[in-house]
Amino acid sequence: MVTSYRDLTTLKPFQSGVQNKEDEAIGLTIVLHPDAARIGEVAKPFDIGSTATRELCRFEPKFSRPGEKSVDLNVAAVSRRPLVMKANVEGAVTLSNPRAVSSVVVEGEALKESMEISADRVKRGVVIELGKYVALLLHRVNKKDEEPSGDDLGIRGESRCVQRLRKEILDIANIDDTVLISGETGVGKDLVARAIHAKSKRAGRAYLCINMGALQSGMENAELFGIGKRAATEVDERKGYFASADGGTLFLDEIGTTKPELQAVLLRAIENKEIQRVGHGPLKVDVRLIAATDSDLTAAVEQGRFLKALFHRLSRFHIRIAPLRERPDDIARLFFHFLRGELRKRGSDQKLFKDAKEPGWLPASLMSMLLRYAWKGNVRELQNVAAALALTNYNNEFFHVESNIVQLLGSDIVSADSAPEGETKSFRPSYPPTDDEVIQAMNENDFNATKASESLHISRDYLLKRISRIPSLRRPKDITDREIIDSYKQYNGDFMAMAKALRISARGLKIQITNRGLLLDDRTD
C-alpha cells in the first residue's frame, strides 16, 4: 500500500518482464483448450535460474488457477509422447521433440527436433500449439499466486500488467488529487478512470467524461465552465461540465488535444478550484480531475505545444496502461470473453465448451495468430475482431477465418526474435484454410494429400473432405477410366507426368489402376 506522495509518484510504468527474478517463474498458460473454461490456467515448470528438465505432453505438467486443484491437459488429441523442456540459468528454454511428436508448432514453425527459445523471447511470450485444438503460452509469470480479490474493478485480465494496474488504482483512488492516465488508443483508459472514481470517496457522486478534442469550436470555455443568459445573444444558459461535476469526478479524455489558449484557463481552474463562468462571476467548485492521453505529452511540452505547468499539475499521479501486445496471456482471456458474449447473443456459445475427448471448435493456429499480432488498436480492435469472427461462425460446424481477417492478422506479426517493433515473420495458413490455400498446398506437394495436410497443419481426413468441395480438385477415385487411359497414351506411361496432368498423386494413380484392374498396355481405344 502506498503511504506517501513520494512513494506513489516514483512508481515506474510497468513493462512486461520487468520484475525481480526471485519473484518470477517460467510458466505455461493455457490460451486454447477444447473446453474454453480452462483458458487462463497456469503451470510453473521452472524457477528463474533453474536448469531443470520437464516433460510436456497430455499428462504433464499440471495446470491450475490460484486456490484450485492442479490437473493435466487431458486432451485426447494431445500426444502422450512427451516433448522435453530444459531451462538454463539465464531463463532460456530448449524445447526438444525426441519422439517425433507430430503437429507441434512453435511461433508458426513446426518443431522437428529441437528449438532454443531465448530468455528475451520467453519474456515476450512464445506460443506453442499442441495439435489443432490446444495452445500454450510460454512466458514469465509470478512465482507466487495472487489470491483472487473477487473484484476485478471492471478491468478484465489476469496478467501481471493488469494485476499491478488494479493495485495502482486502489492505491490512488482515495488520494484526492489529479491523475494522468497514459496509454495507446483502445487500451481502456476510460475504464481505469471509472474504476478510480468508483473506489474513491466520491463514488456515488457525479462522474462526467469529456473528450477535449470534441469540444465545440469557439465555445470551449462555455462548455467547460458555463455561460449565463446575458453572455451571448440567443445562447441558452449552460451550467458547464465543471459545475455539473461539483463534488464528483471530471474525466478529461484526449487532454493532449486541448487548445493552447484553453490550457492556461484550465490550469487556473485546477490550482484555484475556481472557475470563471462566461457572463457570471467566479464560482468555487470541488472537482477531482482525471486526464488521459494517447500522445507523448513530454514531447508536446518540449515542443511548446502543451503548457509545462499544466502537465506537471495533471501528472501528480501517473498511471501507464500497458498495450495488449505486452500482456499476451490476456489476449486469449479477452478474446474468449468477447467471442462468448457475441455467440451467446445468437445462442451458440456452447460451441466453446467441448469435452476433452472431442475435437475443439476454435483452431490453435487462430490463437497463435491472435497472440502474435501487434494489436495497434489494442482491446478495442480485439473486440472488433471477435465480433466479426462470431458473426461469420456462429452457425458453422467448423470454425472458418475469413480472408480479410487472415490478411489483417498476418499483416503485422511482431517478430518473436529480438527485433524492432513491427518487424514481421512469415505467416502460416489459417485454420480451416481457405480454398485457395488448399489448392496451393496440393500443387506445391504434387497433390500428395498427406504432405499437403502437414503443410496446412490440418488432418488428412479433413483435407480430403475439403478437396471434395473444391471443383478444381479431385480425389484419385474420382478420375474416370477413360481419363487414365488417355493420359497413359499421351505421356507414354510416365506416371509422374500422368499424375501431374490429372492433378492427383502418383501413388494414388497407381492404386486406382491396380484396384480397377486396368491393363493399360493392352488398351488400344
# chains A, B, ... in the order shown; residues from 1 in each chain; ligands from 1

$ residues_around --residues "Ala203 (chain A)" --least-positions-apart "4" --cutoff "12 Å" --atoms "only C-alpha atoms" --output "ChimeraX atom specification"
/A:173-174,176,193-199,207,247-249,288

$ write_last_selection --atoms "N, CA, C and O atoms" --output "mmCIF file, in the first residue's frame"
data_model
loop_
_atom_site.group_PDB
_atom_site.id
_atom_site.type_symbol
_atom_site.label_atom_id
_atom_site.label_comp_id
_atom_site.auth_asym_id
_atom_site.auth_seq_id
_atom_site.Cartn_x
_atom_site.Cartn_y
_atom_site.Cartn_z
ATOM 1 N N ALA A 173 -6.930 5.729 -5.632
ATOM 2 C CA ALA A 173 -8.346 6.104 -5.598
ATOM 3 C C ALA A 173 -8.687 7.092 -4.491
ATOM 4 O O ALA A 173 -9.385 8.091 -4.730
ATOM 5 N N ASN A 174 -8.217 6.861 -3.291
ATOM 6 C CA ASN A 174 -8.609 7.708 -2.161
ATOM 7 C C ASN A 174 -7.628 8.830 -1.860
ATOM 8 O O ASN A 174 -7.765 9.510 -0.842
ATOM 9 N N ASP A 176 -7.085 12.201 -2.980
ATOM 10 C CA ASP A 176 -7.968 13.088 -3.751
ATOM 11 C C ASP A 176 -7.161 14.131 -4.508
ATOM 12 O O ASP A 176 -7.119 15.309 -4.137
ATOM 13 N N ALA A 193 -10.279 5.198 -15.429
ATOM 14 C CA ALA A 193 -10.800 6.421 -14.812
ATOM 15 C C ALA A 193 -12.074 6.119 -14.016
ATOM 16 O O ALA A 193 -12.238 6.597 -12.883
ATOM 17 N N ARG A 194 -12.972 5.336 -14.592
ATOM 18 C CA ARG A 194 -14.212 4.971 -13.889
ATOM 19 C C ARG A 194 -13.919 4.155 -12.636
ATOM 20 O O ARG A 194 -14.582 4.313 -11.608
ATOM 21 N N ALA A 195 -12.925 3.271 -12.726
ATOM 22 C CA ALA A 195 -12.570 2.451 -11.569
ATOM 23 C C ALA A 195 -12.010 3.308 -10.440
ATOM 24 O O ALA A 195 -12.313 3.084 -9.262
ATOM 25 N N ILE A 196 -11.178 4.299 -10.780
ATOM 26 C CA ILE A 196 -10.642 5.207 -9.758
ATOM 27 C C ILE A 196 -11.785 5.937 -9.060
ATOM 28 O O ILE A 196 -11.830 6.032 -7.830
ATOM 29 N N HIS A 197 -12.726 6.443 -9.858
ATOM 30 C CA HIS A 197 -13.875 7.148 -9.274
ATOM 31 C C HIS A 197 -14.700 6.216 -8.397
ATOM 32 O O HIS A 197 -15.097 6.584 -7.274
ATOM 33 N N ALA A 198 -14.950 4.992 -8.886
ATOM 34 C CA ALA A 198 -15.810 4.056 -8.154
ATOM 35 C C ALA A 198 -15.211 3.640 -6.827
ATOM 36 O O ALA A 198 -15.950 3.315 -5.882
ATOM 37 N N LYS A 199 -13.887 3.652 -6.709
ATOM 38 C CA LYS A 199 -13.233 3.252 -5.463
ATOM 39 C C LYS A 199 -12.830 4.447 -4.602
ATOM 40 O O LYS A 199 -12.212 4.270 -3.557
ATOM 41 N N TYR A 207 -19.991 11.632 -12.159
ATOM 42 C CA TYR A 207 -18.811 11.278 -12.940
ATOM 43 C C TYR A 207 -19.114 11.684 -14.378
ATOM 44 O O TYR A 207 -20.025 11.137 -15.019
ATOM 45 N N GLY A 247 -18.389 18.105 -6.626
ATOM 46 C CA GLY A 247 -18.471 17.035 -5.633
ATOM 47 C C GLY A 247 -18.068 15.685 -6.176
ATOM 48 O O GLY A 247 -17.903 14.719 -5.423
ATOM 49 N N GLY A 248 -17.909 15.579 -7.508
ATOM 50 C CA GLY A 248 -17.589 14.300 -8.131
ATOM 51 C C GLY A 248 -16.287 14.346 -8.899
ATOM 52 O O GLY A 248 -15.326 15.005 -8.503
ATOM 53 N N THR A 249 -16.267 13.624 -10.018
ATOM 54 C CA THR A 249 -15.047 13.452 -10.806
ATOM 55 C C THR A 249 -15.301 13.889 -12.239
ATOM 56 O O THR A 249 -16.341 13.571 -12.821
ATOM 57 N N ARG A 288 -12.637 16.476 -8.709
ATOM 58 C CA ARG A 288 -11.392 15.745 -8.928
ATOM 59 C C ARG A 288 -11.212 15.538 -10.422
ATOM 60 O O ARG A 288 -12.111 15.054 -11.106
#

$ closest_residue --among "A:Arg156, A:Arg238, A:Lys308, A:His400" --to "Phe338 (chain A)" --atoms "only C-alpha atoms"
A:Arg156

$ select_by_dssp --residues "region 230-328 of chain A" --states "strand (DSSP E)" --output "ChimeraX atom specification"
/A:249-253,274-276,282-284,288-293,317-320

$ closest_residue --among "A:Lys500, A:Arg202, A:His312, A:Lys489" --to "Asn443 (chain A)" --atoms "only C-alpha atoms"
A:Lys500

$ closest_atom_pairs --of "region 119-238 of chain A" --to "region 322-337 of chain A" --cutoff "12 Å" --atoms "only C-alpha atoms" --output "Markdown table"
| residue | atom | partner | partner_atom | distance |
| --- | --- | --- | --- | --- |
| A:Val122 | CA | A:Pro328 | CA | 11.6 |
| A:Lys123 | CA | A:Glu326 | CA | 9.6 |
| A:Arg124 | CA | A:Glu326 | CA | 7.2 |
| A:Gly125 | CA | A:Pro328 | CA | 6.9 |
| A:Val126 | CA | A:Pro328 | CA | 9.2 |
| A:Val127 | CA | A:Pro328 | CA | 9.5 |
| A:Ala135 | CA | A:Ala332 | CA | 10.0 |
| A:Leu136 | CA | A:Asp329 | CA | 9.3 |
| A:Leu137 | CA | A:Asp329 | CA | 6.9 |
| A:Leu138 | CA | A:Asp329 | CA | 9.3 |
| A:His139 | CA | A:Asp329 | CA | 8.5 |
| A:Arg140 | CA | A:Asp329 | CA | 10.2 |
| A:Val141 | CA | A:Asp329 | CA | 9.9 |
| A:Ile155 | CA | A:Leu334 | CA | 10.3 |
| A:Arg156 | CA | A:Leu334 | CA | 7.0 |
| A:Gly157 | CA | A:Asp330 | CA | 5.3 |
| A:Glu158 | CA | A:Asp330 | CA | 6.6 |
| A:Ser159 | CA | A:Asp330 | CA | 6.0 |
| A:Arg160 | CA | A:Arg327 | CA | 7.8 |
| A:Cys161 | CA | A:Arg327 | CA | 6.6 |
| A:Val162 | CA | A:Ala322 | CA | 8.3 |
| A:Gln163 | CA | A:Arg327 | CA | 11.0 |
| A:Arg164 | CA | A:Ala322 | CA | 10.4 |
| A:Leu165 | CA | A:Ala322 | CA | 8.9 |
| A:Ile181 | CA | A:Ala322 | CA | 10.9 |
| A:Ser182 | CA | A:Ala322 | CA | 9.0 |
| A:Gly183 | CA | A:Ala322 | CA | 6.7 |
| A:Glu184 | CA | A:Pro323 | CA | 6.5 |
| A:Thr185 | CA | A:Pro323 | CA | 8.8 |
| A:Gly186 | CA | A:Pro323 | CA | 8.6 |
| A:Val187 | CA | A:Pro323 | CA | 6.2 |
| A:Gly188 | CA | A:Pro323 | CA | 9.6 |
| A:Lys189 | CA | A:Ala322 | CA | 10.5 |

$ atom_distance --atom1 "CA of Thr29 (chain A)" --atom2 "CA of Lys62 (chain A)"
10.7 Å

$ residues_around --residues "region 85-89 of chain A" --least-positions-apart "3" --cutoff "7 Å" --atoms "only C-alpha atoms" --output "VMD selection string"
chain A and resid 48 to 55 92 to 96

$ write_last_selection --atoms "C-alpha atoms" --output "short mmCIF file (atom, residue, chain, number, x, y, z; two decimals), in the first residue's frame"
data_model
loop_
_atom_site.label_atom_id
_atom_site.label_comp_id
_atom_site.auth_asym_id
_atom_site.auth_seq_id
_atom_site.Cartn_x
_atom_site.Cartn_y
_atom_site.Cartn_z
CA ILE A 48 14.24 -18.37 -12.99
CA GLY A 49 17.81 -19.64 -12.88
CA SER A 50 16.75 -23.28 -12.81
CA THR A 51 18.49 -25.83 -15.05
CA ALA A 52 15.80 -28.47 -14.59
CA THR A 53 14.25 -30.66 -17.27
CA ARG A 54 10.50 -31.10 -17.56
CA GLU A 55 8.11 -33.00 -19.83
CA ALA A 92 16.09 -19.53 -21.84
CA VAL A 93 14.29 -22.79 -22.64
CA THR A 94 15.24 -25.53 -25.10
CA LEU A 95 12.23 -27.45 -26.42
CA SER A 96 13.04 -30.87 -27.88
#

$ closest_residue --among "A:Asp355, A:Asp436, A:Asp486, A:Glu454" --to "Ala36 (chain A)" --atoms "only C-alpha atoms"
A:Asp355

$ select_by_dssp --residues "region 190-351 of chain A" --states "alpha helix (DSSP H)" --output "VMD selection string"
chain A and resid 190 to 198 220 to 225 241 to 244 260 to 272 297 to 302 308 to 314 328 to 345

$ residues_around --residues "Asn396 (chain A)" --least-positions-apart "4" --cutoff "10 Å" --atoms "only C-alpha atoms" --output "list in words"
Ser348, Lys351, Trp361, Ala390, Thr392 and His400 of chain A

$ write_last_selection --atoms "N, CA, C and O atoms" --output "mmCIF file, in the first residue's frame"
data_model
loop_
_atom_site.group_PDB
_atom_site.id
_atom_site.type_symbol
_atom_site.label_atom_id
_atom_site.label_comp_id
_atom_site.auth_asym_id
_atom_site.auth_seq_id
_atom_site.Cartn_x
_atom_site.Cartn_y
_atom_site.Cartn_z
ATOM 1 N N SER A 348 -25.207 -19.619 -29.391
ATOM 2 C CA SER A 348 -24.210 -20.569 -29.902
ATOM 3 C C SER A 348 -22.976 -20.685 -29.019
ATOM 4 O O SER A 348 -21.983 -21.284 -29.438
ATOM 5 N N LYS A 351 -20.642 -23.925 -28.223
ATOM 6 C CA LYS A 351 -19.599 -24.436 -29.113
ATOM 7 C C LYS A 351 -18.215 -24.310 -28.479
ATOM 8 O O LYS A 351 -17.285 -25.033 -28.847
ATOM 9 N N TRP A 361 -13.484 -26.528 -31.134
ATOM 10 C CA TRP A 361 -14.096 -25.721 -32.194
ATOM 11 C C TRP A 361 -13.130 -24.661 -32.681
ATOM 12 O O TRP A 361 -12.942 -24.468 -33.881
ATOM 13 N N ALA A 390 -17.345 -14.063 -34.702
ATOM 14 C CA ALA A 390 -18.595 -14.646 -34.197
ATOM 15 C C ALA A 390 -19.693 -14.558 -35.247
ATOM 16 O O ALA A 390 -20.459 -15.507 -35.449
ATOM 17 N N THR A 392 -19.514 -14.588 -38.482
ATOM 18 C CA THR A 392 -19.354 -15.490 -39.624
ATOM 19 C C THR A 392 -19.281 -16.958 -39.218
ATOM 20 O O THR A 392 -19.257 -17.836 -40.096
ATOM 21 N N HIS A 400 -14.198 -21.031 -39.301
ATOM 22 C CA HIS A 400 -13.524 -20.537 -40.502
ATOM 23 C C HIS A 400 -13.116 -19.085 -40.295
ATOM 24 O O HIS A 400 -13.880 -18.277 -39.761
#

$ residues_around --residues "Asp35 (chain A)" --least-positions-apart "2" --cutoff "8 Å" --atoms "only C-alpha atoms" --output "JSON, numbers by chain"
{"A": [33, 37, 38, 39, 352, 353, 354, 355, 356, 360]}
